[in-house]
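The structure file structure00.txt is reproduced below (compact mmCIF, C-alpha atoms and all ligand atoms).
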# COMPACT_ATOMS: atom_id res chain seq x y z
CA MET J 1 0.00 0.00 0.00
CA LYS J 2 1.24 3.49 -0.85
CA THR J 3 1.01 5.95 2.06
CA ARG J 4 0.05 9.49 1.03
CA VAL J 5 0.96 12.48 3.17
CA LEU J 6 -1.30 15.53 2.84
CA LYS J 7 -0.02 18.75 4.35
CA ILE J 8 -2.64 20.97 5.95
CA ASP J 9 -1.19 24.48 5.94
CA ASP J 10 -4.29 26.57 5.77
CA LEU J 11 -7.37 25.16 7.44
CA ASN J 12 -9.86 26.81 5.10
CA ARG J 13 -7.95 26.35 1.86
CA ASP J 14 -7.10 22.73 2.68
CA CYS J 15 -10.57 21.85 3.90
CA ASN J 16 -11.16 19.56 0.93
CA LEU J 17 -8.10 17.50 1.94
CA ILE J 18 -9.59 16.94 5.39
CA GLY J 19 -12.81 16.06 3.55
CA GLU J 20 -10.94 13.39 1.58
CA ALA J 21 -9.62 11.91 4.82
CA ALA J 22 -13.13 11.93 6.30
CA GLU J 23 -14.38 9.99 3.27
CA LEU J 24 -11.73 7.34 3.95
CA ILE J 25 -12.90 7.07 7.57
CA LYS J 26 -16.51 6.71 6.38
CA ALA J 27 -15.40 4.00 3.95
CA GLY J 28 -13.94 1.92 6.80
CA GLU J 29 -10.29 2.90 6.26
CA VAL J 30 -7.68 4.20 8.72
CA VAL J 31 -6.17 7.70 8.63
CA ALA J 32 -3.35 9.21 10.72
CA PHE J 33 -4.09 12.72 11.96
CA PRO J 34 -2.59 15.34 14.28
CA THR J 35 -3.93 16.11 17.74
CA GLU J 36 -2.51 18.51 20.33
CA THR J 37 -0.95 15.57 22.23
CA VAL J 38 0.46 13.10 19.65
CA TYR J 39 -0.59 11.87 16.19
CA GLY J 40 -3.49 9.40 16.23
CA LEU J 41 -4.40 6.54 13.91
CA GLY J 42 -8.15 6.85 13.44
CA ALA J 43 -11.01 4.69 12.19
CA ASN J 44 -14.79 4.54 12.54
CA ALA J 45 -15.31 3.54 16.18
CA LEU J 46 -18.64 1.90 15.37
CA ASP J 47 -17.18 -0.49 12.79
CA SER J 48 -15.24 -3.49 14.16
CA GLN J 49 -13.65 -4.27 10.81
CA ALA J 50 -12.32 -0.72 10.45
CA VAL J 51 -11.01 -0.85 14.02
CA GLU J 52 -9.36 -4.18 13.26
CA LYS J 53 -7.23 -2.36 10.67
CA ILE J 54 -5.83 -0.11 13.41
CA PHE J 55 -4.70 -3.11 15.44
CA ARG J 56 -3.16 -4.70 12.35
CA ALA J 57 -1.30 -1.57 11.16
CA LYS J 58 0.17 -0.94 14.63
CA GLY J 59 0.77 -4.54 15.61
CA ARG J 60 -1.16 -3.69 18.77
CA PRO J 61 -2.10 -6.40 21.29
CA GLY J 62 -5.84 -7.04 21.07
CA ASP J 63 -6.34 -6.63 24.83
CA ASN J 64 -5.36 -2.95 24.79
CA PRO J 65 -8.48 -0.78 24.27
CA LEU J 66 -8.67 2.37 22.14
CA ILE J 67 -9.71 5.92 22.95
CA VAL J 68 -12.80 7.17 21.10
CA HIS J 69 -12.50 10.75 19.85
CA VAL J 70 -15.44 13.14 19.47
CA SER J 71 -15.74 16.69 18.16
CA ASN J 72 -18.74 17.64 20.24
CA VAL J 73 -19.83 17.15 23.86
CA ARG J 74 -23.28 15.97 22.69
CA ASP J 75 -21.72 13.01 20.86
CA VAL J 76 -20.74 11.45 24.18
CA ASP J 77 -24.34 10.75 25.21
CA LYS J 78 -24.88 7.96 22.69
CA LEU J 79 -21.54 6.29 23.41
CA VAL J 80 -21.91 5.85 27.15
CA ASP J 81 -24.35 4.41 29.60
CA GLU J 82 -24.55 7.58 31.63
CA VAL J 83 -22.63 10.87 31.82
CA PRO J 84 -21.88 11.49 35.52
CA ARG J 85 -22.20 15.06 36.78
CA ARG J 86 -18.48 15.35 37.41
CA ALA J 87 -17.80 14.39 33.79
CA ARG J 88 -19.88 17.37 32.68
CA ILE J 89 -17.82 19.60 34.96
CA LEU J 90 -14.59 18.21 33.52
CA MET J 91 -15.76 18.61 29.92
CA GLU J 92 -16.61 22.21 30.67
CA ALA J 93 -13.18 22.81 32.24
CA PHE J 94 -10.85 20.81 29.97
CA TRP J 95 -12.47 19.94 26.61
CA PRO J 96 -11.36 20.19 23.95
CA GLY J 97 -8.03 19.15 25.47
CA PRO J 98 -5.70 16.41 26.68
CA LEU J 99 -8.14 14.71 29.06
CA THR J 100 -9.59 11.25 28.33
CA MET J 101 -12.42 10.07 30.55
CA VAL J 102 -13.42 6.45 31.15
CA PHE J 103 -17.18 5.81 31.28
CA ARG J 104 -19.44 2.75 31.39
CA LYS J 105 -19.99 2.02 27.71
CA ALA J 106 -23.16 1.88 25.65
CA SER J 107 -23.75 -1.27 23.60
CA ILE J 108 -23.27 0.64 20.32
CA ILE J 109 -19.47 0.50 20.91
CA PRO J 110 -18.05 -2.75 19.52
CA ASP J 111 -16.06 -4.98 21.89
CA ARG J 112 -13.06 -4.69 19.57
CA VAL J 113 -12.69 -1.00 20.55
CA THR J 114 -12.80 -1.60 24.30
CA ALA J 115 -11.01 -4.96 24.24
CA GLY J 116 -14.06 -6.53 25.83
CA LEU J 117 -14.17 -4.11 28.80
CA ASP J 118 -17.53 -2.71 29.88
CA THR J 119 -16.02 0.78 29.88
CA VAL J 120 -15.03 3.16 27.10
CA ALA J 121 -12.41 5.95 27.07
CA ILE J 122 -13.46 9.18 25.33
CA ARG J 123 -11.82 12.48 24.56
CA MET J 124 -12.31 15.64 22.52
CA PRO J 125 -8.91 16.66 21.11
CA ASN J 126 -7.90 20.31 20.92
CA HIS J 127 -6.62 20.45 17.36
CA PRO J 128 -8.47 22.08 14.48
CA VAL J 129 -7.53 19.33 11.98
CA ALA J 130 -8.63 16.54 14.33
CA LEU J 131 -11.89 18.32 15.18
CA ARG J 132 -12.74 18.89 11.51
CA LEU J 133 -11.85 15.36 10.53
CA ILE J 134 -14.18 13.94 13.19
CA ASP J 135 -16.86 16.48 12.37
CA PHE J 136 -16.74 15.85 8.59
CA SER J 137 -16.86 12.09 9.06
CA GLY J 138 -19.93 12.44 11.30
CA LEU J 139 -18.59 9.49 13.32
CA PRO J 140 -16.86 8.82 16.62
CA VAL J 141 -13.22 8.08 15.74
CA ALA J 142 -11.29 5.38 17.61
CA ALA J 143 -7.61 6.29 17.65
CA PRO J 144 -4.51 5.13 19.48
CA SER J 145 -1.19 6.90 19.00
CA ALA J 146 0.00 6.44 15.40
CA ASN J 147 3.18 4.46 16.12
CA ARG J 148 4.09 0.79 15.78
CA SER J 149 3.13 -0.83 19.08
CA GLY J 150 5.92 -0.40 21.66
CA HIS J 151 7.59 2.50 19.85
CA ILE J 152 7.69 6.13 20.94
CA SER J 153 4.47 8.05 20.18
CA PRO J 154 4.78 10.31 17.11
CA THR J 155 4.68 14.08 17.48
CA THR J 156 5.25 14.85 13.77
CA ALA J 157 3.89 13.40 10.51
CA GLN J 158 7.45 12.29 9.68
CA HIS J 159 7.50 10.10 12.81
CA VAL J 160 4.23 8.49 11.71
CA LEU J 161 5.68 7.82 8.27
CA GLU J 162 8.81 6.24 9.78
CA ASP J 163 6.64 3.74 11.68
CA LEU J 164 3.68 3.14 9.37
CA ASP J 165 4.83 3.80 5.79
CA GLY J 166 3.15 1.28 3.49
CA ARG J 167 0.76 0.11 6.22
CA ILE J 168 -1.85 2.91 6.08
CA PRO J 169 -3.34 4.88 3.15
CA LEU J 170 -3.12 8.45 4.47
CA ILE J 171 -1.42 10.80 6.92
CA LEU J 172 -2.74 14.32 7.50
CA ASP J 173 0.28 16.47 8.30
CA GLY J 174 -0.69 19.31 10.65
CA GLY J 175 2.81 20.06 11.94
CA LYS J 176 4.27 19.38 15.37
CA CYS J 177 2.00 18.41 18.30
CA CYS J 178 2.26 21.04 21.01
CA VAL J 179 1.61 19.01 24.20
CA GLY J 180 3.96 16.26 23.01
CA LEU J 181 2.71 13.57 25.46
CA GLU J 182 -0.48 11.51 25.34
CA SER J 183 -3.62 12.66 27.16
CA THR J 184 -4.40 12.13 30.82
CA VAL J 185 -6.63 9.04 31.24
CA LEU J 186 -9.07 9.48 34.14
CA ASP J 187 -11.35 6.68 35.32
CA LEU J 188 -14.75 8.04 36.35
CA THR J 189 -16.37 4.68 37.06
CA ALA J 190 -15.13 4.45 40.68
CA ASP J 191 -16.33 6.52 43.66
CA VAL J 192 -13.22 8.67 43.55
CA PRO J 193 -11.81 9.49 40.08
CA VAL J 194 -8.49 7.75 39.39
CA ILE J 195 -5.70 8.87 37.06
CA LEU J 196 -4.70 5.78 35.08
CA ARG J 197 -2.24 7.64 32.85
CA PRO J 198 -0.96 11.14 33.70
CA GLY J 199 -0.79 13.71 30.90
CA GLY J 200 -1.27 17.37 30.03
CA VAL J 201 -4.24 17.83 32.37
CA THR J 202 -2.42 17.37 35.66
CA LEU J 203 -3.47 15.96 39.04
CA GLU J 204 -3.28 19.48 40.46
CA MET J 205 -5.61 20.83 37.74
CA LEU J 206 -8.12 18.00 38.29
CA GLU J 207 -8.06 18.42 42.09
CA GLU J 208 -8.81 22.08 41.72
CA VAL J 209 -12.02 21.26 39.86
CA LEU J 210 -13.06 17.97 41.49
CA GLY J 211 -11.57 17.90 44.98
CA GLU J 212 -10.36 14.38 45.68
CA VAL J 213 -8.58 12.55 42.83
CA ARG J 214 -6.40 9.44 43.15
CA VAL J 215 -3.38 8.39 41.14
CA ASP J 216 -3.18 4.70 40.27
CA LEU J 217 -0.18 3.07 41.95
CA ASN J 218 1.00 1.64 38.63
CA VAL J 219 1.64 5.11 37.23
CA LEU J 220 5.21 4.97 38.53
CA ARG J 221 5.49 1.27 39.36
CA PRO J 222 5.68 -1.90 37.31
CA VAL J 223 2.60 -4.06 37.15
CA ALA J 224 3.16 -7.18 39.25
CA GLY J 225 2.77 -10.55 37.54
CA GLY J 226 -0.83 -11.72 37.56
CA GLN J 227 -2.12 -8.34 38.80
CA LYS J 228 -5.38 -7.19 37.24
CA VAL J 229 -4.93 -3.65 35.90
CA LYS J 230 -7.54 -0.97 35.32
CA SER J 231 -5.88 0.22 32.13
CA PRO J 232 -4.35 -2.52 29.99
CA GLY J 233 -1.89 0.01 28.50
CA MET J 234 -0.06 -0.03 31.86
CA LYS J 235 1.23 -3.53 31.27
CA TYR J 236 3.17 -2.78 28.13
CA THR J 237 6.66 -1.34 27.87
CA HIS J 238 5.92 1.76 25.87
CA TYR J 239 7.97 4.64 24.71
CA ALA J 240 11.08 2.55 24.33
CA PRO J 241 14.04 4.05 22.50
CA ARG J 242 16.65 1.62 21.14
CA ALA J 243 19.14 2.56 23.85
CA GLN J 244 18.94 1.12 27.34
CA VAL J 245 17.71 3.83 29.70
CA LEU J 246 18.82 4.20 33.33
CA ILE J 247 17.21 6.81 35.58
CA VAL J 248 19.05 8.31 38.54
CA ARG J 249 16.89 9.61 41.40
CA GLY J 250 17.85 11.65 44.47
CA GLU J 251 19.06 15.14 45.32
CA LEU J 252 20.12 16.98 42.20
CA ALA J 253 23.79 17.30 43.18
CA HIS J 254 23.92 13.55 43.87
CA ILE J 255 22.21 12.76 40.56
CA VAL J 256 24.76 14.80 38.64
CA LYS J 257 27.68 13.21 40.52
CA ARG J 258 26.46 9.65 39.87
CA ILE J 259 25.70 10.30 36.21
CA ASN J 260 29.20 11.72 35.74
CA GLU J 261 30.71 8.63 37.41
CA LEU J 262 28.65 6.25 35.27
CA ALA J 263 29.39 8.20 32.06
CA GLU J 264 33.09 7.95 32.86
CA GLU J 265 32.85 4.19 33.45
CA TYR J 266 30.90 3.63 30.25
CA ALA J 267 33.33 5.77 28.24
CA ASP J 268 36.22 3.62 29.49
CA GLN J 269 34.34 0.53 28.31
CA GLY J 270 33.68 2.09 24.90
CA ILE J 271 29.92 2.25 25.48
CA LYS J 272 28.32 5.18 23.65
CA THR J 273 26.44 7.14 26.32
CA GLY J 274 23.71 9.76 26.15
CA ILE J 275 22.77 11.99 29.05
CA LEU J 276 19.27 13.36 29.47
CA ALA J 277 19.99 16.58 31.30
CA THR J 278 18.05 19.70 32.21
CA GLN J 279 18.87 23.34 31.56
CA GLU J 280 20.12 23.71 35.13
CA THR J 281 22.58 20.79 34.93
CA LYS J 282 23.69 20.53 31.31
CA ASP J 283 27.05 22.23 31.85
CA CYS J 284 27.95 19.86 34.68
CA TYR J 285 28.46 16.90 32.34
CA LYS J 286 31.82 16.33 30.73
CA LYS J 287 31.39 13.02 28.89
CA GLY J 288 28.68 11.64 26.59
CA GLU J 289 26.06 13.11 24.27
CA VAL J 290 24.19 15.61 26.42
CA LEU J 291 20.62 16.52 25.41
CA VAL J 292 18.47 18.97 27.36
CA LEU J 293 14.87 18.21 28.27
CA GLY J 294 14.15 21.78 29.33
CA LYS J 295 14.05 23.90 32.45
CA ARG J 296 13.16 22.10 35.68
CA THR J 297 10.91 25.02 36.58
CA ARG J 298 8.90 24.53 33.35
CA PRO J 299 7.54 20.95 33.40
CA ALA J 300 5.08 21.50 30.52
CA GLU J 301 7.98 22.50 28.30
CA MET J 302 10.01 19.46 29.41
CA ALA J 303 6.99 17.22 28.67
CA SER J 304 6.63 18.63 25.17
CA ASN J 305 10.29 17.82 24.41
CA LEU J 306 10.47 14.33 25.91
CA PHE J 307 9.62 12.16 22.90
CA LEU J 308 11.68 14.31 20.52
CA VAL J 309 14.72 14.02 22.76
CA LEU J 310 14.32 10.23 23.16
CA ARG J 311 14.16 9.91 19.38
CA GLU J 312 17.25 12.09 19.02
CA PHE J 313 19.22 9.65 21.19
CA ASP J 314 18.26 6.92 18.72
CA VAL J 315 19.41 9.06 15.80
CA ARG J 316 22.74 9.61 17.54
CA GLY J 317 23.07 5.88 18.04
CA VAL J 318 23.81 5.85 21.78
CA ASP J 319 23.81 2.50 23.60
CA VAL J 320 22.84 3.82 27.02
CA VAL J 321 20.90 6.88 28.18
CA LEU J 322 21.51 8.17 31.70
CA ALA J 323 18.51 10.26 32.71
CA GLU J 324 17.89 12.61 35.61
CA TRP J 325 14.76 12.07 37.70
CA VAL J 326 12.58 15.21 37.69
CA ASP J 327 10.08 16.36 40.28
CA THR J 328 6.73 14.57 39.82
CA SER J 329 4.44 17.52 40.53
CA ASN J 330 2.38 18.99 37.66
CA GLU J 331 3.47 17.66 34.23
CA GLY J 332 6.47 16.02 35.95
CA LEU J 333 4.26 13.03 36.82
CA ALA J 334 3.51 12.40 33.13
CA ILE J 335 7.19 12.79 32.26
CA MET J 336 8.32 10.24 34.85
CA ASN J 337 5.44 7.87 33.96
CA ARG J 338 6.81 7.69 30.38
CA MET J 339 10.44 7.70 31.52
CA VAL J 340 10.17 4.78 33.96
CA ARG J 341 8.55 2.74 31.17
CA ALA J 342 11.19 3.79 28.64
CA ALA J 343 13.72 2.60 31.23
CA GLY J 344 11.94 -0.69 31.93
CA PHE J 345 11.69 0.60 35.56
CA ASN J 346 15.47 0.77 35.80
CA VAL J 347 15.86 3.45 38.50
CA ILE J 348 18.80 3.86 40.88
CA ASP J 349 18.52 5.92 44.04
CA VAL J 350 21.47 8.03 45.15
O1 LIG J 401 -3.39 11.72 23.61
C1 LIG J 401 -3.88 10.61 23.41
O2 LIG J 401 -4.59 10.04 24.25
C2 LIG J 401 -3.59 9.93 22.06
C3 LIG J 401 -4.26 10.77 20.97
C4 LIG J 401 -4.17 10.13 19.62
O3 LIG J 401 -5.57 11.05 21.31
N1 LIG J 401 -4.06 8.58 22.06
C5 LIG J 401 -3.44 7.60 22.76
O4 LIG J 401 -4.00 6.35 22.59
O5 LIG J 401 -2.47 7.79 23.45
P1 LIG J 401 -3.26 5.01 23.04
O6 LIG J 401 -4.09 3.93 22.50
O7 LIG J 401 -1.85 5.05 22.65
O8 LIG J 401 -3.42 4.98 24.60
C6 LIG J 401 -4.69 4.76 25.17
C7 LIG J 401 -4.55 4.40 26.63
C8 LIG J 401 -4.01 3.00 26.79
O9 LIG J 401 -3.13 2.99 27.90
C9 LIG J 401 -5.26 2.18 27.07
O10 LIG J 401 -5.01 1.03 27.83
C10 LIG J 401 -6.11 3.18 27.84
O11 LIG J 401 -5.85 4.41 27.23
N2 LIG J 401 -7.55 2.89 27.72
C11 LIG J 401 -8.31 2.90 26.60
N3 LIG J 401 -9.58 2.52 26.89
C12 LIG J 401 -9.62 2.28 28.22
C13 LIG J 401 -10.64 1.85 29.12
N4 LIG J 401 -11.87 1.61 28.72
N5 LIG J 401 -10.32 1.70 30.44
C14 LIG J 401 -9.06 1.96 30.85
N6 LIG J 401 -8.05 2.36 30.05
C15 LIG J 401 -8.32 2.52 28.75
MG MG J 402 0.12 4.62 22.43

Since I need it in another form, could you write the structure as structure tokens?
Amino acid sequence: MKTRVLKIDDLNRDCNLIGEAAELIKAGEVVAFPTETVYGLGANALDSQAVEKIFRAKGRPGDNPLIVHVSNVRDVDKLVDEVPRRARILMEAFWPGPLTMVFRKASIIPDRVTAGLDTVAIRMPNHPVALRLIDFSGLPVAAPSANRSGHISPTTAQHVLEDLDGRIPLILDGGKCCVGLESTVLDLTADVPVILRPGGVTLEMLEEVLGEVRVDLNVLRPVAGGQKVKSPGMKYTHYAPRAQVLIVRGELAHIVKRINELAEEYADQGIKTGILATQETKDCYKKGEVLVLGKRTRPAEMASNLFLVLREFDVRGVDVVLAEWVDTSNEGLAIMNRMVRAAGFNVIDV
């Protein structure tokens, strides 16, 4: 299959291109499209065969459910059993935006989408191309991140092409995704809402609107063998660059000291080493390929750079990445959630 890439530069002029993509969705095909978080690979959420094509193109395990994307708050009503009051409050506060909510599903949603769960995850993305695509198709659009399963989520059309060239018919290129990390997944089916995956809408932001909110223990911890998880995505090693990642956690001065010692050791052994530093520490490192995530005082900015920087280590061909732990408040929680998975939970305390 030939993969076409259509660049959307001007929303009004290029409207017909989005229309073409919407026709593909209506015809049961898959289309990659930009959102504010990462690129998604979309298909008609009400058509199991179309959804099957997403799983096939990505090589995604069948037990990992998909997020259903809508362009309008009203569309949620037919997809779920009931919209709880707090969901309405959250939609008002954060939609369109990087917040996915988990509801009890309506029977109209095929089991293929939810991997047999009785719940469905829904979000309204904050990207004009995504919103128009969904709107023009007149359908709810099931879409995971548009990468091969297990790879880093794509934040540009080029990343999508690198992973899915020849496997999907069309990519809408809307430029770089600004949030740069996947949405927050919030389970609303329990008494107290639970963050299953942290993202751009932070715990602090949710608490301000809702009061009590919990964070699932598996956000920063590996899933124990045989443990039943709320979000199947937690089980998989995501976001993995080719290099082996090791995270160093502790006081900043100790982190820097240990990373320098390790970089020295690795250099002596001829191991090509990358260092994931921050603006505040970058000049402290003498050996290795140093890349900067951003300023420690600006976690949203660090989050938006994370996947790009991990990819850059791959381009530079490093064998090992030594990464600094960052504070887990605000967007820091989402950063470390992705990082510990990229590292296979390889964290040393100093
Ligand atoms: O920002 C995003 O959320 C992007 C863009 C494209 O919207 N999408 C995305 O999808 O990251 P994906 O499939 O890569 O991640 C979806 C996550 C997975 O961890 C999955 O297990 C979880 O959401 N999920 C989906 N449906 C669920 C459900 N019913 N209950 C619990 N977790 C669910
Ligand atoms: Mg994904």

Just the number, please: distance in Å from CA of Arg132 (chain J) to CA of Arg13 (chain J), one decimal.
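That distance, rounded to one decimal, is 13.1 Å.
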
Give as a VMD selection string the residues surrounding ligand MG 402 (chain J) up to a distance of 12 Å, considering all atoms listed in the file.
chain J and resid 37 to 41 54 to 55 58 to 61 64 to 67 143 to 155 181 to 183 185 197 232 to 234 236 to 240 338

Suppose you want the space between CA of Gly97 (chain J) and CA of Phe307 (chain J); what is it in Å?
19.2 Å

Using CA of Leu220 (chain J) and CA of Val201 (chain J) as the two end points, give the distance in Å to one decimal.
17.1 Å

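All residues of protein, DNA or RNA that reach within 8 Å of Leu196 (chain J), judged by only C-alpha atoms and not counting those fewer than 6 positions away in the chain, are Thr184, Val185, Leu186, Asp187, Val215, Asp216, Asn218, Val219, Lys230 and Ser231 of chain J.
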
From J:Val245, J:Val320, J:Cys284, J:Cys15, residue lying nearest Ala342 (chain J) [only C-alpha atoms]:
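Closest to Ala342 (chain J), using only C-alpha atoms: J:Val245.
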
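Take the candidates J:Gly174, J:Gly288, J:Gly180, J:Gly226 and check each one against ligand LIG 401 (chain J) using only C-alpha atoms and all ligand atoms; the shortest distance goes to J:Gly180.
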
Taking all atoms of region 199-205 of chain J that the file lists, what box with edges along x, y and z, padded by 4 Å per side, do you get, with centre and edge lengths in Å to one decimal, as AutoDock Vina command-line options?
--center_x -3.2 --center_y 17.3 --center_z 35.2 --size_x 12.8 --size_y 15.1 --size_z 18.4
